[in-house]
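K.L.:
Below you'll find start-v1.tsv; it's TSV, C-alpha atoms and all ligand atoms.
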```
chain	number	residue	atom	x	y	z
M	1	MET	CA	30.11	9.77	-19.89
M	2	LYS	CA	26.54	9.00	-19.04
M	3	TYR	CA	27.74	6.99	-16.06
M	4	ILE	CA	29.88	9.85	-14.77
M	5	PHE	CA	26.98	12.19	-15.03
M	6	TYR	CA	24.85	9.74	-13.08
M	7	ILE	CA	27.42	9.49	-10.28
M	8	LEU	CA	27.86	13.24	-10.26
M	9	SER	CA	24.16	13.90	-10.03
M	10	ILE	CA	23.83	11.48	-7.12
M	11	CYS	CA	26.66	13.26	-5.28
M	12	VAL	CA	25.13	16.64	-5.89
M	13	LEU	CA	21.76	15.39	-4.70
M	14	PHE	CA	23.30	13.89	-1.60
M	15	PHE	CA	25.06	17.09	-0.83
M	16	TYR	CA	21.82	18.93	-1.38
M	17	LEU	CA	19.93	16.53	0.84
M	18	ASN	CA	22.45	16.67	3.64
M	19	PHE	CA	22.42	20.39	3.51
M	20	LYS	CA	18.71	20.90	3.08
M	21	LEU	CA	17.55	18.14	5.38
M	22	ASN	CA	19.57	19.16	8.36
M	23	PRO	CA	16.73	19.78	10.81
M	24	LYS	CA	18.49	22.89	12.06
M	25	LYS	CA	17.70	24.37	8.70
M	26	ASN	CA	14.47	25.09	6.97
M	27	ILE	CA	13.26	22.10	5.00
M	28	THR	CA	11.10	22.83	2.02
M	29	ILE	CA	11.69	19.91	-0.31
M	30	ASP	CA	8.55	18.04	-1.24
M	31	LYS	CA	9.62	15.85	-4.11
M	32	LEU	CA	12.84	14.05	-4.83
M	33	ASN	CA	13.56	11.47	-7.46
M	34	GLU	CA	13.72	7.73	-7.31
M	35	GLN	CA	17.50	7.55	-7.65
M	36	ILE	CA	17.95	9.03	-4.21
M	37	LYS	CA	15.50	6.59	-2.72
M	38	LEU	CA	17.28	3.59	-4.23
M	39	ASN	CA	20.61	4.76	-2.90
M	40	THR	CA	19.50	5.75	0.54
M	41	ASP	CA	17.55	2.54	1.07
M	42	LEU	CA	20.92	1.02	1.91
M	43	ASN	CA	21.07	3.40	4.82
M	44	THR	CA	17.90	2.50	6.64
M	45	LYS	CA	18.96	-0.37	8.88
M	46	LYS	CA	19.84	1.55	11.98
M	47	ASN	CA	18.34	2.53	15.24
M	48	TYR	CA	14.68	1.85	14.83
M	49	SER	CA	11.89	-0.28	16.09
M	50	ASP	CA	8.84	-1.25	14.10
M	51	LYS	CA	5.27	-0.96	15.15
M	52	TYR	CA	2.46	-2.78	13.45
M	53	PHE	CA	-0.87	-1.14	12.86
M	54	GLU	CA	-3.42	-3.70	11.77
M	55	ASN	CA	-1.49	-5.17	8.86
M	56	PHE	CA	0.91	-2.41	7.96
M	57	TYR	CA	3.80	-0.95	9.84
M	58	ILE	CA	5.56	2.32	10.39
M	59	LYS	CA	9.18	2.50	11.39
M	60	PHE	CA	9.91	4.71	14.35
M	61	ASN	CA	13.51	5.80	14.61
M	62	LYS	CA	15.92	8.29	16.14
M	63	LYS	CA	17.79	8.85	12.90
M	64	GLY	CA	15.71	9.05	9.76
M	65	THR	CA	16.66	7.81	6.33
M	66	TYR	CA	16.49	11.29	4.88
M	67	TYR	CA	16.95	13.47	7.92
M	68	ASN	CA	20.39	14.42	9.07
M	69	ILE	CA	20.08	14.27	12.86
M	70	ASN	CA	22.91	15.84	14.84
M	71	ASN	CA	24.04	14.28	18.11
M	72	ASP	CA	22.45	17.06	20.14
M	73	MET	CA	19.13	16.14	18.59
M	74	LEU	CA	19.40	12.45	19.37
M	75	ILE	CA	16.68	11.43	21.81
M	76	SER	CA	17.19	9.12	24.82
M	77	ASN	CA	15.68	5.62	24.82
M	78	LYS	CA	13.31	6.57	27.59
M	79	LEU	CA	11.86	9.59	25.79
M	80	PHE	CA	11.88	7.75	22.47
M	81	ASN	CA	9.64	5.02	23.85
M	82	LEU	CA	7.42	7.54	25.56
M	83	TYR	CA	6.80	9.53	22.38
M	84	LYS	CA	6.53	6.42	20.25
M	85	ASN	CA	3.71	5.12	22.42
M	86	GLU	CA	1.97	8.47	22.29
M	87	TYR	CA	2.27	8.66	18.50
M	88	VAL	CA	0.98	5.11	18.13
M	89	TYR	CA	-2.01	6.09	20.21
M	90	ILE	CA	-2.72	9.15	18.05
M	91	ILE	CA	-2.35	7.21	14.82
M	92	ASN	CA	-4.73	4.51	15.99
M	93	LYS	CA	-7.19	7.04	17.30
M	94	TYR	CA	-7.55	9.19	14.20
M	95	PHE	CA	-6.25	7.31	11.17
M	96	THR	CA	-6.82	4.09	9.26
M	97	LYS	CA	-4.40	1.92	7.34
M	98	ASN	CA	-5.65	3.31	4.05
M	99	HIS	CA	-5.14	6.89	5.19
M	100	LEU	CA	-1.47	6.33	5.85
M	101	ASN	CA	-0.46	3.70	3.34
M	102	GLY	CA	2.56	5.64	2.16
M	103	LEU	CA	3.96	6.48	5.59
M	104	LYS	CA	7.31	4.75	6.02
M	105	GLU	CA	8.99	6.38	8.99
M	106	ILE	CA	8.49	8.70	11.88
M	107	THR	CA	11.74	10.11	13.22
M	108	ILE	CA	11.56	11.30	16.80
M	109	SER	CA	14.12	13.97	17.66
M	110	ASN	CA	15.19	15.53	20.91
M	111	SER	CA	14.23	19.10	20.09
M	112	VAL	CA	11.54	21.64	20.78
M	113	SER	CA	11.63	23.13	17.30
M	114	PHE	CA	13.84	23.42	14.24
M	115	ASN	CA	14.93	26.58	12.55
M	116	ASN	CA	12.21	29.07	11.73
M	117	GLY	CA	10.04	27.63	14.49
M	118	ILE	CA	9.16	24.54	12.46
M	119	ARG	CA	8.17	21.64	14.69
M	120	GLY	CA	7.48	18.90	12.18
M	121	GLN	CA	8.42	17.93	8.65
M	122	ASN	CA	6.90	15.64	6.07
M	123	LEU	CA	9.08	14.63	3.18
M	124	SER	CA	7.31	12.89	0.31
M	125	ILE	CA	9.24	10.83	-2.17
M	126	ASN	CA	7.06	9.31	-4.84
M	127	GLU	CA	4.33	7.46	-2.94
M	128	ASP	CA	6.24	7.32	0.33
M	129	SER	CA	6.46	9.85	3.10
M	130	TYR	CA	8.85	10.39	5.99
M	131	ILE	CA	7.96	12.44	9.03
M	132	LEU	CA	10.38	14.19	11.35
M	133	MET	CA	9.12	15.44	14.70
M	134	ALA	CA	10.59	18.00	17.06
M	135	SER	CA	9.01	16.00	19.84
M	136	LEU	CA	9.80	17.91	23.01
M	137	ASN	CA	7.11	20.54	22.52
M	138	ASN	CA	4.46	17.94	23.46
M	139	ASP	CA	2.03	19.36	20.95
M	140	ASN	CA	0.08	16.49	19.41
M	141	SER	CA	-1.50	18.71	16.79
M	142	ILE	CA	1.90	18.81	15.04
M	143	LEU	CA	1.87	15.06	14.43
M	144	ILE	CA	-1.70	15.16	13.17
M	145	HIS	CA	-0.78	18.01	10.82
M	146	GLU	CA	2.16	16.03	9.42
M	147	LEU	CA	0.11	12.83	9.10
M	148	LEU	CA	-2.50	14.75	7.14
M	149	HIS	CA	0.15	15.71	4.59
M	150	THR	CA	0.63	11.98	4.04
M	151	VAL	CA	-3.13	11.40	3.70
M	152	GLN	CA	-3.46	14.12	1.09
M	153	HIS	CA	-0.31	13.09	-0.74
M	154	ASN	CA	-1.40	9.44	-0.92
M	155	HIS	CA	-4.80	10.40	-2.31
M	156	ILE	CA	-3.87	13.45	-4.31
M	157	LYS	CA	-5.56	12.22	-7.50
M	158	LEU	CA	-8.88	11.90	-5.73
M	159	PHE	CA	-8.36	15.25	-4.02
M	160	ASN	CA	-7.52	17.05	-7.25
M	161	LYS	CA	-10.33	15.43	-9.18
M	162	LYS	CA	-13.13	15.78	-6.69
M	163	TYR	CA	-12.21	18.34	-4.04
M	164	LYS	CA	-9.59	20.81	-5.23
M	165	TYR	CA	-11.92	23.01	-7.26
M	166	LYS	CA	-14.47	23.34	-4.47
M	167	TRP	CA	-11.71	23.85	-1.91
M	168	LEU	CA	-10.09	26.67	-3.83
M	169	LYS	CA	-13.41	28.44	-4.19
M	170	ILE	CA	-13.61	28.92	-0.42
M	171	ASN	CA	-11.60	31.97	0.51
M	172	LYS	CA	-11.55	31.30	4.24
M	173	TYR	CA	-8.66	29.96	6.29
M	174	VAL	CA	-8.39	28.38	9.73
M	175	SER	CA	-5.00	29.99	10.38
M	176	GLU	CA	-2.48	32.31	8.84
M	177	TYR	CA	-0.23	29.37	8.07
M	178	ALA	CA	-3.06	27.73	6.15
M	179	MET	CA	-2.77	30.52	3.60
M	180	THR	CA	0.70	29.27	2.57
M	181	ASN	CA	-0.65	26.82	-0.02
M	182	ILE	CA	-3.39	24.23	-0.50
M	183	TYR	CA	-1.32	21.52	1.24
M	184	GLU	CA	-0.78	23.51	4.42
M	185	ASP	CA	-4.39	24.61	4.22
M	186	PHE	CA	-5.54	21.00	4.04
M	187	ALA	CA	-3.32	19.93	6.97
M	188	GLU	CA	-4.31	22.92	9.10
M	189	THR	CA	-8.02	22.56	8.37
M	190	GLY	CA	-7.96	18.81	8.98
M	191	THR	CA	-6.09	19.16	12.27
M	192	LYS	CA	-8.68	21.62	13.55
M	193	TYR	CA	-11.47	19.34	12.42
M	194	LEU	CA	-10.03	16.17	13.98
M	195	LEU	CA	-9.32	17.95	17.27
M	196	HIS	CA	-12.84	19.45	17.28
M	197	ASP	CA	-11.42	22.95	17.17
M	198	THR	CA	-14.28	24.03	14.95
M	199	LEU	CA	-15.94	26.78	16.89
M	200	ILE	CA	-15.06	29.26	14.18
M	201	TYR	CA	-16.83	27.50	11.34
M	202	ASN	CA	-15.15	27.04	8.02
M	203	PRO	CA	-16.92	25.49	5.00
M	204	LYS	CA	-13.73	23.54	4.29
M	205	PHE	CA	-14.49	21.34	7.33
M	206	LYS	CA	-17.31	19.74	5.36
M	207	LEU	CA	-15.07	19.01	2.38
M	208	PHE	CA	-12.36	17.66	4.65
M	209	LYS	CA	-14.80	15.38	6.45
M	210	LYS	CA	-16.01	13.90	3.15
M	211	PHE	CA	-12.51	13.41	1.80
M	212	PHE	CA	-11.23	11.96	5.07
M	213	TYR	CA	-14.09	9.47	5.17
M	214	GLU	CA	-13.66	8.56	1.52
M	215	THR	CA	-9.95	7.87	1.97
M	216	SER	CA	-10.40	5.87	5.16
M	217	LYS	CA	-11.08	2.55	3.36
Q	301	ZN	ZN	2.69	21.32	6.92
```
For this file, produce the structure as structure tokens.
P.N.:
Amino acid sequence: MKYIFYILSICVLFFYLNFKLNPKKNITIDKLNEQIKLNTDLNTKKNYSDKYFENFYIKFNKKGTYYNINNDMLISNKLFNLYKNEYVYIINKYFTKNHLNGLKEITISNSVSFNNGIRGQNLSINEDSYILMASLNNDNSILIHELLHTVQHNHIKLFNKKYKYKWLKINKYVSEYAMTNIYEDFAETGTKYLLHDTLIYNPKFKLFKKFFYETSK
């Protein structure tokens, strides 16, 4: 009985994933459980190339482990390599190994945006995170935003312990989207800071800078 329930729950979760993670739809899942990860690990060996950063690596692929990419969203080899090189450049420019320890994959898709105007997704499962990019919009701030979700997720204990209280006390936002929640606020604020878009000063820049430095090594 227990076994049947287990199988059933996996099927339901898979159905849920396939439905929810279709990039044409709005993706809002942040956490999934370990069972899914164990089962979908079998699925990862397709269509990717690895890139080493110092002594860790991120898989770049056209079809992600958790993202259901339709054929019309499949990117050509030429564009895939172009974007991959650009993303590698951005990662090396702004982030360290310790920042992005949990980042497993970046999926590059042949689209300008997904439903609801979303142009990037970051799915976190336990310690790991998986990014999906609507790459054709050529907006590098999207990748930085998504990478910052990984940074915060990987160091959430430190953030909550040392920064969250101070952060929440500042009732000032760098964008309307930043008001969604503290995670979007962190990613939005950090993106502005890293891209030197700080003309309109926000006290959160200072907190971000400290946290970003502290998590860099
Ligand atoms: Zn976000």
K.L.:
Residues of chain M that approach ligand ZN 301 (chain Q) to 9 Å or less, counting all atoms listed in the file: could you list each one with the shortest pair of atoms and its distance in Å to one decimal, rows by chain and increasing residue number, as JSON lines?
P.N.:
```
{"residue": "M:Gly120", "atom": "CA", "partner": "Q:ZN301", "partner_atom": "ZN", "distance": 7.5}
{"residue": "M:Gln121", "atom": "CA", "partner": "Q:ZN301", "partner_atom": "ZN", "distance": 6.9}
{"residue": "M:Asn122", "atom": "CA", "partner": "Q:ZN301", "partner_atom": "ZN", "distance": 7.1}
{"residue": "M:Ile142", "atom": "CA", "partner": "Q:ZN301", "partner_atom": "ZN", "distance": 8.5}
{"residue": "M:His145", "atom": "CA", "partner": "Q:ZN301", "partner_atom": "ZN", "distance": 6.2}
{"residue": "M:Glu146", "atom": "CA", "partner": "Q:ZN301", "partner_atom": "ZN", "distance": 5.9}
{"residue": "M:Leu148", "atom": "CA", "partner": "Q:ZN301", "partner_atom": "ZN", "distance": 8.4}
{"residue": "M:His149", "atom": "CA", "partner": "Q:ZN301", "partner_atom": "ZN", "distance": 6.6}
{"residue": "M:Tyr177", "atom": "CA", "partner": "Q:ZN301", "partner_atom": "ZN", "distance": 8.6}
{"residue": "M:Ala178", "atom": "CA", "partner": "Q:ZN301", "partner_atom": "ZN", "distance": 8.6}
{"residue": "M:Tyr183", "atom": "CA", "partner": "Q:ZN301", "partner_atom": "ZN", "distance": 7.0}
{"residue": "M:Glu184", "atom": "CA", "partner": "Q:ZN301", "partner_atom": "ZN", "distance": 4.8}
{"residue": "M:Asp185", "atom": "CA", "partner": "Q:ZN301", "partner_atom": "ZN", "distance": 8.3}
{"residue": "M:Phe186", "atom": "CA", "partner": "Q:ZN301", "partner_atom": "ZN", "distance": 8.7}
{"residue": "M:Ala187", "atom": "CA", "partner": "Q:ZN301", "partner_atom": "ZN", "distance": 6.2}
{"residue": "M:Glu188", "atom": "CA", "partner": "Q:ZN301", "partner_atom": "ZN", "distance": 7.5}
```
K.L.:
Hey, can you check how far atom CA of M:Lys59 sits from atom CA of M:Glu105?
P.N.:
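Separation of atom CA of M:Lys59 and atom CA of M:Glu105: 4.6 Å.
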K.L.:
Output, as AutoDock Vina command-line options, the centre and edge lengths in Å (one decimal) of the axis-aligned box that contains all listed atoms of stretch 195-203 of chain M with 8 Å of margin on each side.
P.N.:
```
--center_x -13.1 --center_y 23.6 --center_z 11.1 --size_x 23.6 --size_y 27.3 --size_z 28.3
```
K.L.:
Take atom CA of M:Asn61 and atom CA of M:Ser111 and report the distance between them in Å, one decimal.
P.N.:
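If I compute the distance from atom CA of M:Asn61 to atom CA of M:Ser111, I get 14.4 Å.
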K.L.:
One number please: atom CA of M:Tyr57 to atom CA of M:His155, in Å, one decimal.
P.N.:
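These two atoms are separated by 18.7 Å.
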K.L.:
When you count all atoms listed in the file, which of these residues is closest to M:Asn81: M:Phe95, M:Ser135, M:Leu123, M:Phe159?
P.N.:
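For M:Asn81, the nearest of the given residues is M:Ser135.
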K.L.:
Quick one: of M:Ile69, M:Thr107, M:Asn171, M:Lys209, who's nearest to M:Gly190, counting all atoms listed in the file?
P.N.:
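Using all atoms listed in the file, M:Gly190 sits closest to M:Lys209.
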K.L.:
Using only C-alpha atoms, which residue out of M:Ile170, M:Ile131, M:Ile91, M:Leu136 lies closest to M:Ser76?
P.N.:
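Smallest distance to M:Ser76 is found for M:Leu136.
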K.L.:
Looking at M:Asn98, M:Ser109, M:Asn85, M:Thr215, which one is nearest to M:Tyr67, with distances taken over all atoms listed in the file?
P.N.:
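Result for the nearest residue to M:Tyr67: M:Ser109.
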K.L.:
Can you work out which one of M:Asn92, M:Tyr193, M:Phe80, M:Lys169 has the shortest atom-to-atom distance to M:Met133, counting all atoms listed in the file?
P.N.:
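Closest residue, counting all atoms listed in the file: M:Phe80.
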